[in-house]
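Q: File name final11.pdb; file contents PDB, C-alpha atoms and all ligand atoms; full text below.
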```
MODEL        1
ATOM      1  CA  MET V  52     -10.941  12.568   7.490
ATOM      2  CA  ALA V  53      -7.652  14.338   8.301
ATOM      3  CA  THR V  54      -8.852  15.063  11.841
ATOM      4  CA  LEU V  55      -9.835  11.452  12.471
ATOM      5  CA  HIS V  56      -6.610  10.200  10.896
ATOM      6  CA  ALA V  57      -4.576  12.492  13.184
ATOM      7  CA  SER V  58      -6.373  11.099  16.245
ATOM      8  CA  ALA V  59      -5.580   7.507  15.213
ATOM      9  CA  PHE V  60      -1.986   7.700  13.950
ATOM     10  CA  PRO V  61       1.188   9.480  15.117
ATOM     11  CA  ASP V  62       2.042  10.420  11.500
ATOM     12  CA  ALA V  63      -0.949  12.598  10.693
ATOM     13  CA  TRP V  64      -1.782  13.027   6.999
ATOM     14  CA  PRO V  65      -2.600  16.642   6.015
ATOM     15  CA  GLU V  66      -5.984  17.279   4.448
ATOM     16  CA  ALA V  67      -4.287  18.171   1.134
ATOM     17  CA  ALA V  68      -2.483  14.813   1.058
ATOM     18  CA  ILE V  69      -5.751  12.932   1.591
ATOM     19  CA  ALA V  70      -7.454  15.012  -1.121
ATOM     20  CA  ALA V  71      -4.573  14.337  -3.533
ATOM     21  CA  LEU V  72      -4.808  10.586  -2.900
ATOM     22  CA  LEU V  73      -8.570  10.594  -3.432
ATOM     23  CA  ALA V  74      -8.083  12.333  -6.789
ATOM     24  CA  ARG V  75      -5.900   9.489  -8.077
ATOM     25  CA  ASP V  76      -7.273   6.908 -10.458
ATOM     26  CA  GLY V  77      -8.267   3.722  -8.669
ATOM     27  CA  VAL V  78      -8.414   5.233  -5.167
ATOM     28  CA  PHE V  79     -11.631   5.060  -3.176
ATOM     29  CA  ALA V  80     -12.681   5.649   0.435
ATOM     30  CA  LEU V  81     -15.538   4.152   2.401
ATOM     31  CA  LEU V  82     -16.809   6.294   5.271
ATOM     32  CA  ALA V  83     -18.844   5.236   8.301
ATOM     33  CA  VAL V  84     -20.989   8.034   9.732
ATOM     34  CA  GLY V  85     -23.208   8.194  12.808
ATOM     35  CA  ASP V  86     -26.973   7.787  12.349
ATOM     36  CA  ALA V  87     -27.888  10.765  14.497
ATOM     37  CA  ASP V  88     -25.413  13.481  13.578
ATOM     38  CA  ASP V  89     -23.480  12.368  10.474
ATOM     39  CA  ALA V  90     -20.256  12.468  12.517
ATOM     40  CA  LEU V  91     -17.419  10.586  10.851
ATOM     41  CA  LEU V  92     -16.796   7.407  12.864
ATOM     42  CA  GLY V  93     -14.286   5.648  10.642
ATOM     43  CA  PHE V  94     -12.976   5.236   7.133
ATOM     44  CA  ILE V  95     -10.831   3.060   4.937
ATOM     45  CA  MET V  96      -8.952   4.161   1.813
ATOM     46  CA  MET V  97      -7.932   1.663  -0.817
ATOM     47  CA  GLN V  98      -6.205   1.773  -4.187
ATOM     48  CA  VAL V  99      -6.819  -0.708  -6.984
ATOM     49  CA  VAL V 100      -4.209  -0.931  -9.768
ATOM     50  CA  VAL V 101      -5.078  -3.528 -12.404
ATOM     51  CA  ASP V 102      -5.492  -6.716 -10.323
ATOM     52  CA  ASP V 103      -3.737  -5.608  -7.128
ATOM     53  CA  ALA V 104      -5.394  -3.623  -4.340
ATOM     54  CA  GLU V 105      -3.730  -1.915  -1.386
ATOM     55  CA  VAL V 106      -5.162  -0.587   1.862
ATOM     56  CA  LEU V 107      -3.766   2.963   2.066
ATOM     57  CA  THR V 108      -5.125   3.788   5.498
ATOM     58  CA  PHE V 109      -7.852   2.607   7.828
ATOM     59  CA  CYS V 110      -9.087   3.921  11.181
ATOM     60  CA  VAL V 111     -12.063   4.092  13.522
ATOM     61  CA  SER V 112     -12.559   6.851  16.123
ATOM     62  CA  GLN V 113     -11.689   5.887  19.689
ATOM     63  CA  ASP V 114     -15.315   6.064  20.896
ATOM     64  CA  ALA V 115     -16.611   3.805  18.117
ATOM     65  CA  ARG V 116     -14.048   1.007  18.383
ATOM     66  CA  GLN V 117     -14.726  -2.603  19.328
ATOM     67  CA  SER V 118     -18.259  -2.583  17.974
ATOM     68  CA  GLY V 119     -17.565  -4.228  14.624
ATOM     69  CA  LEU V 120     -17.244  -1.025  12.588
ATOM     70  CA  GLY V 121     -13.632  -1.666  11.557
ATOM     71  CA  GLY V 122     -14.384  -5.233  10.505
ATOM     72  CA  GLY V 123     -17.392  -4.034   8.516
ATOM     73  CA  LEU V 124     -15.426  -1.325   6.706
ATOM     74  CA  LEU V 125     -12.650  -3.774   5.862
ATOM     75  CA  ALA V 126     -15.054  -6.403   4.519
ATOM     76  CA  ALA V 127     -16.940  -3.844   2.413
ATOM     77  CA  ALA V 128     -13.702  -2.430   0.961
ATOM     78  CA  CYS V 129     -12.491  -5.945   0.068
ATOM     79  CA  ASP V 130     -15.795  -6.588  -1.732
ATOM     80  CA  LEU V 131     -15.457  -3.333  -3.708
ATOM     81  CA  ALA V 132     -11.854  -4.126  -4.652
ATOM     82  CA  ARG V 133     -12.996  -7.538  -5.914
ATOM     83  CA  THR V 134     -15.768  -5.879  -7.938
ATOM     84  CA  ASP V 135     -13.144  -3.507  -9.391
ATOM     85  CA  GLY V 136     -11.185  -6.536 -10.624
ATOM     86  CA  ALA V 137      -8.551  -7.015  -7.898
ATOM     87  CA  HIS V 138      -7.210 -10.534  -7.385
ATOM     88  CA  GLN V 139      -5.343  -9.757  -4.164
ATOM     89  CA  ILE V 140      -5.081  -7.084  -1.487
ATOM     90  CA  PHE V 141      -1.910  -5.950   0.270
ATOM     91  CA  LEU V 142      -1.422  -3.807   3.363
ATOM     92  CA  GLU V 143       1.235  -2.815   5.855
ATOM     93  CA  VAL V 144       0.655  -3.020   9.599
ATOM     94  CA  GLY V 145       2.890  -2.276  12.567
ATOM     95  CA  GLU V 146       4.283  -5.470  14.011
ATOM     96  CA  ARG V 147       3.145  -4.332  17.443
ATOM     97  CA  ASN V 148      -0.370  -3.339  16.357
ATOM     98  CA  GLU V 149      -1.998  -6.455  17.819
ATOM     99  CA  VAL V 150      -5.578  -5.216  17.390
ATOM    100  CA  ALA V 151      -5.226  -4.498  13.668
ATOM    101  CA  ARG V 152      -3.203  -7.661  13.028
ATOM    102  CA  LYS V 153      -5.863  -9.797  14.685
ATOM    103  CA  LEU V 154      -8.596  -8.122  12.645
ATOM    104  CA  TYR V 155      -6.678  -8.665   9.381
ATOM    105  CA  GLU V 156      -5.870 -12.297  10.161
ATOM    106  CA  ARG V 157      -9.501 -13.025  10.939
ATOM    107  CA  ASP V 158     -10.450 -11.410   7.623
ATOM    108  CA  GLY V 159      -8.146 -13.753   5.666
ATOM    109  CA  PHE V 160      -4.894 -11.788   5.467
ATOM    110  CA  SER V 161      -1.578 -13.515   6.152
ATOM    111  CA  VAL V 162       1.953 -12.176   6.556
ATOM    112  CA  VAL V 163       4.030 -12.283   3.365
ATOM    113  CA  GLY V 164       6.880  -9.898   4.197
ATOM    114  CA  ARG V 165       8.489  -7.429   6.571
ATOM    115  CA  ARG V 166       9.781  -3.872   6.158
ATOM    116  CA  SER V 167      12.471  -3.120   8.740
ATOM    117  CA  ALA V 168      12.199   0.127  10.750
ATOM    118  CA  TYR V 169       9.286   1.209   8.556
ATOM    119  CA  TYR V 170       7.626   3.288  11.281
ATOM    120  CA  ARG V 171       9.663   6.010  13.006
ATOM    121  CA  HIS V 172       7.255   7.641  15.470
ATOM    122  CA  GLY V 173       8.206   7.119  19.112
ATOM    123  CA  ALA V 174       6.240   4.329  20.740
ATOM    124  CA  GLU V 175       4.834   3.387  17.346
ATOM    125  CA  SER V 176       8.255   2.884  15.755
ATOM    126  CA  GLY V 177       9.281  -0.533  14.518
ATOM    127  CA  ASP V 178       8.945  -2.972  11.670
ATOM    128  CA  ALA V 179       5.937  -3.211   9.397
ATOM    129  CA  LEU V 180       4.521  -6.549   8.364
ATOM    130  CA  VAL V 181       3.258  -6.841   4.798
ATOM    131  CA  MET V 182       0.016  -8.825   4.675
ATOM    132  CA  ARG V 183      -1.824 -10.231   1.676
ATOM    133  CA  LYS V 184      -5.300 -11.570   1.105
ATOM    134  CA  PRO V 185      -6.268 -13.414  -2.077
ATOM    135  CA  LEU V 186      -9.617 -12.495  -3.590
ATOM    136  CA  ASN V 187     -11.573 -15.174  -5.381
ATOM    137  CA  GLN V 188     -12.696 -13.790  -8.688
ATOM    138  CA  PRO V 189     -15.700 -15.503 -10.278
TER
HETATM  139  C1  LIG V 201      -7.794  -1.254  13.888
HETATM  140  C2  LIG V 201      -9.135  -0.537  14.056
HETATM  141  C3  LIG V 201      -9.516   0.140  12.725
HETATM  142  C4  LIG V 201     -10.202  -1.570  14.430
HETATM  143  O1  LIG V 201     -11.465  -0.899  14.465
HETATM  144  P1  LIG V 201     -12.693  -1.499  15.322
HETATM  145  O2  LIG V 201     -13.908  -0.765  14.895
HETATM  146  O3  LIG V 201     -12.362  -1.487  16.765
HETATM  147  O4  LIG V 201     -12.735  -2.983  14.800
HETATM  148  P2  LIG V 201     -13.791  -4.103  15.225
HETATM  149  O5  LIG V 201     -14.760  -3.561  16.223
HETATM  150  O6  LIG V 201     -14.335  -4.661  13.966
HETATM  151  O7  LIG V 201     -12.867  -5.104  15.995
HETATM  152  C5  LIG V 201     -12.087  -6.040  15.339
HETATM  153  C6  LIG V 201     -11.527  -7.010  16.354
HETATM  154  O8  LIG V 201     -10.541  -6.381  17.143
HETATM  155  C7  LIG V 201     -10.912  -6.500  18.524
HETATM  156  N1  LIG V 201     -10.491  -5.291  19.170
HETATM  157  C8  LIG V 201     -10.778  -4.044  18.763
HETATM  158  N2  LIG V 201     -10.176  -3.144  19.623
HETATM  159  C9  LIG V 201      -9.531  -3.914  20.564
HETATM  160  C10 LIG V 201      -8.742  -3.598  21.701
HETATM  161  N3  LIG V 201      -8.491  -2.305  22.059
HETATM  162  N4  LIG V 201      -8.215  -4.611  22.437
HETATM  163  C11 LIG V 201      -8.465  -5.887  22.085
HETATM  164  N5  LIG V 201      -9.212  -6.245  21.009
HETATM  165  C12 LIG V 201      -9.737  -5.262  20.270
HETATM  166  C13 LIG V 201     -12.387  -6.637  18.538
HETATM  167  O9  LIG V 201     -12.795  -7.224  19.737
HETATM  168  C14 LIG V 201     -12.575  -7.517  17.334
HETATM  169  O10 LIG V 201     -12.248  -8.847  17.596
HETATM  170  P3  LIG V 201     -13.367  -9.904  17.961
HETATM  171  O11 LIG V 201     -14.471  -9.760  16.977
HETATM  172  O12 LIG V 201     -12.648 -11.215  17.858
HETATM  173  O13 LIG V 201     -13.787  -9.551  19.340
HETATM  174  C15 LIG V 201      -9.075   0.528  15.180
HETATM  175  O14 LIG V 201      -8.604  -0.108  16.358
HETATM  176  C16 LIG V 201      -8.165   1.703  14.868
HETATM  177  O15 LIG V 201      -8.590   2.670  14.225
HETATM  178  N6  LIG V 201      -6.914   1.642  15.337
HETATM  179  C17 LIG V 201      -5.954   2.757  15.140
HETATM  180  C18 LIG V 201      -5.526   2.863  13.699
HETATM  181  C19 LIG V 201      -4.965   1.560  13.184
HETATM  182  O16 LIG V 201      -4.175   0.897  13.850
HETATM  183  N7  LIG V 201      -5.371   1.219  11.949
HETATM  184  C20 LIG V 201      -4.856   0.058  11.257
HETATM  185  C21 LIG V 201      -3.561   0.436  10.611
HETATM  186  S1  LIG V 201      -2.816  -0.904   9.733
ENDMDL
END
```
Taking this structure as input, can you express it in the form of C-alpha cells?
Ligand SMILES: CC(C)(COP(=O)(O)OP(=O)(O)OC[C@H]1O[C@@H](n2cnc3c(N)ncnc32)[C@H](O)[C@@H]1OP(=O)(O)O)[C@@H](O)C(=O)NCCC(=O)NCCS

A:
Amino acid sequence: MATLHASAFPDAWPEAAIAALLARDGVFALLAVGDADDALLGFIMMQVVVDDAEVLTFCVSQDARQSGLGGGLLAAACDLARTDGAHQIFLEVGERNEVARKLYERDGFSVVGRRSAYYRHGAESGDALVMRKPLNQP
C-alpha cells in the first residue's frame, strides 16, 4: 500500500504510518487486486467516528486508471461507512485535482469548505477543498 501510495501522491506515507492508521478504531481499507497475480491495483482508506466518516486516502495505480476501479472502490467504501452507522462522509481534495473532483461530484459529494495552502508539494501545492456527502440511513 505504501508503494502504491508513493506512486500516486507527492507526499508519500511510510509503511509504518499506514499500519498505525489501520490499527486505529474505526479505520478500514478496501483493496482492489488483480485477478491473475494478486497485484495491488488500488485502495481506499476510511475512518468512521460515531456518525461521521472521512476518506483518509484513495488511489489507483497508473495502469489501472480510467476503467471504473476508483469509482467502484469509492462506492463500496461509502456503503461500508453507511453500514457502520455514518450519516455523512467528508474528504479533502486538491483544488486542481480535476479527475478526483469530478469523480467525487458524480458520486454525490459537494464542496462545503476550503483549506488555504493545504498542500505544499511543488506542482501539487495549493488549496484543498473540503467535500461532503450525506448518507441516507434507513
Ligand atoms: C482519482 C483516482 C483514484 C481515480 O481512479 P480511476 O480508477 O481512474 O477512477 P474511475 O476509472 O472510476 O474514473 C472516474 C472518472 O474519472 C475519469 N477519469 C479518470 N482518469 C481521468 C483522466 N486522467 N482524465 C480525465 N478523466 C479521467 C473517468 O473517465 C471517470 O469519469 P467518467 O465515468 O465520467 O468517464 C485516480 O486517478 C488516482 O489514483 N489519482 C491519484 C491520486 C488521487 O488524486 N487520489 C484522490 C485524492 S483526493

Q: Output, as lines of an AutoDock Vina configuration file, the centre and edge lengths in Å (one decimal) of the axis-aligned box that contains all listed atoms of ligand LIG 201 (chain V) with 5 Å of margin on each side.

A:
```
center_x = -8.8
center_y = -4.2
center_z = 16.1
size_x = 21.9
size_y = 24.1
size_z = 22.7
```

Q: Let me know the residues the PyMOL selection byres (((chain V and resi 53) around 8) and not hetatm) catches in the file above, as a list in words.

A: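 Applying the PyMOL selection byres (((chain V and resi 53) around 8) and not hetatm) to the structure shown produces Met52, Thr54, Leu55, His56, Ala57, Ala63, Trp64, Pro65, Glu66 and Ile69 of chain V.
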
Q: Hey, can you pull every residue with an atom no more than 10 Å from (-16.7, 5.1, 16.5), using all atoms listed in the file, and send it as an mmCIF file with C-alpha atoms, in the frame of the given file?

A:
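Dumped to out-v7.cif:
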```cif
data_model
loop_
_atom_site.group_PDB
_atom_site.id
_atom_site.type_symbol
_atom_site.label_atom_id
_atom_site.label_comp_id
_atom_site.auth_asym_id
_atom_site.auth_seq_id
_atom_site.Cartn_x
_atom_site.Cartn_y
_atom_site.Cartn_z
ATOM 1 C CA ALA V 83 -18.844 5.236 8.301
ATOM 2 C CA VAL V 84 -20.989 8.034 9.732
ATOM 3 C CA GLY V 85 -23.208 8.194 12.808
ATOM 4 C CA ALA V 90 -20.256 12.468 12.517
ATOM 5 C CA LEU V 91 -17.419 10.586 10.851
ATOM 6 C CA LEU V 92 -16.796 7.407 12.864
ATOM 7 C CA GLY V 93 -14.286 5.648 10.642
ATOM 8 C CA CYS V 110 -9.087 3.921 11.181
ATOM 9 C CA VAL V 111 -12.063 4.092 13.522
ATOM 10 C CA SER V 112 -12.559 6.851 16.123
ATOM 11 C CA GLN V 113 -11.689 5.887 19.689
ATOM 12 C CA ASP V 114 -15.315 6.064 20.896
ATOM 13 C CA ALA V 115 -16.611 3.805 18.117
ATOM 14 C CA ARG V 116 -14.048 1.007 18.383
ATOM 15 C CA GLN V 117 -14.726 -2.603 19.328
ATOM 16 C CA SER V 118 -18.259 -2.583 17.974
ATOM 17 C CA GLY V 119 -17.565 -4.228 14.624
ATOM 18 C CA LEU V 120 -17.244 -1.025 12.588
ATOM 19 C CA GLY V 121 -13.632 -1.666 11.557
#
```

Q: In Å, how far is it from CA of Leu131 in chain V to CA of Asn187 in chain V?

A: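 Computing the Euclidean distance for CA of Leu131 in chain V and CA of Asn187 in chain V yields 12.6 Å.
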
Q: Could you tell me which residues the PyMOL selection byres (((chain V and resi 163) around 6) and not hetatm) returns for this structure, as a PyMOL selection string?

A: chain V and resi 162+164+181-182

Q: Would you put the residues from that selection into a file with C-alpha atoms, as a PDB file, in the frame of the given file?

A:
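Result file follows (part_8.pdb):
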```pdb
ATOM      1  CA  VAL V 162       1.953 -12.176   6.556  1.00  0.00           C
ATOM      2  CA  GLY V 164       6.880  -9.898   4.197  1.00  0.00           C
ATOM      3  CA  VAL V 181       3.258  -6.841   4.798  1.00  0.00           C
ATOM      4  CA  MET V 182       0.016  -8.825   4.675  1.00  0.00           C
TER       5      MET V 182
END
```

Q: Closest to ligand LIG 201 (chain V) among V:Pro61, V:Asp103, V:Thr108, V:Met96, using only C-alpha atoms and all ligand atoms?

A: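 Ranking V:Pro61, V:Asp103, V:Thr108, V:Met96 by distance to ligand LIG 201 (chain V), first place goes to V:Thr108.
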
Q: Selection in question (the file shown): the PyMOL selection byres (((chain V and resi 152-161) around 7) and not hetatm). Which residues does it include, as a list of chain:residue names?

A: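 Listing what the PyMOL selection byres (((chain V and resi 152-161) around 7) and not hetatm) selects in the shown file: V:Gly122, V:Val144, V:Asn148, V:Glu149, V:Val150, V:Ala151, V:Val162, V:Val163, V:Met182, V:Arg183, V:Lys184.
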
Q: Measure the distance from CA of Arg165 in chain V to CA of Leu180 in chain V in Å and round it to one decimal.

A: 4.4 Å

Q: Restricting the calculation to all atoms listed in the file, which member of V:Val78, V:Pro185, V:Ala71, V:Gly123 is positioned closest to ligand LIG 201 (chain V)?

A: V:Gly123

Q: Could you state the separation of atom O5 of ligand LIG 201 (chain V) and CA of Leu81 in chain V in Å, given to one decimal place?

A: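 Separation of atom O5 of ligand LIG 201 (chain V) and CA of Leu81 in chain V: 15.8 Å.
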
Q: Just checking: using all atoms listed in the file, which residue out of V:Ala137, V:Ile95, V:Ala74, V:Asp178 ends up closest to ligand LIG 201 (chain V)?

A: V:Ile95

Q: I'd like to know which of V:Phe109, V:Gly145, V:Arg133, V:Leu186 is closest to Ala59 in chain V, using all atoms listed in the file.

A: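 Using all atoms listed in the file, the shortest distance to Ala59 in chain V belongs to V:Phe109.
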
Q: Pick the closest to ligand LIG 201 (chain V) from V:Asp62, V:Asp88, V:Glu143, V:Asp135: which is it, counting all atoms listed in the file?

A: V:Glu143

Q: Taking into account only C-alpha atoms and all ligand atoms, which residue in the set V:Arg75, V:Leu107, V:Gly136, V:Ser176 is nearest to ligand LIG 201 (chain V)?

A: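 Closest to ligand LIG 201 (chain V), using only C-alpha atoms and all ligand atoms: V:Leu107.
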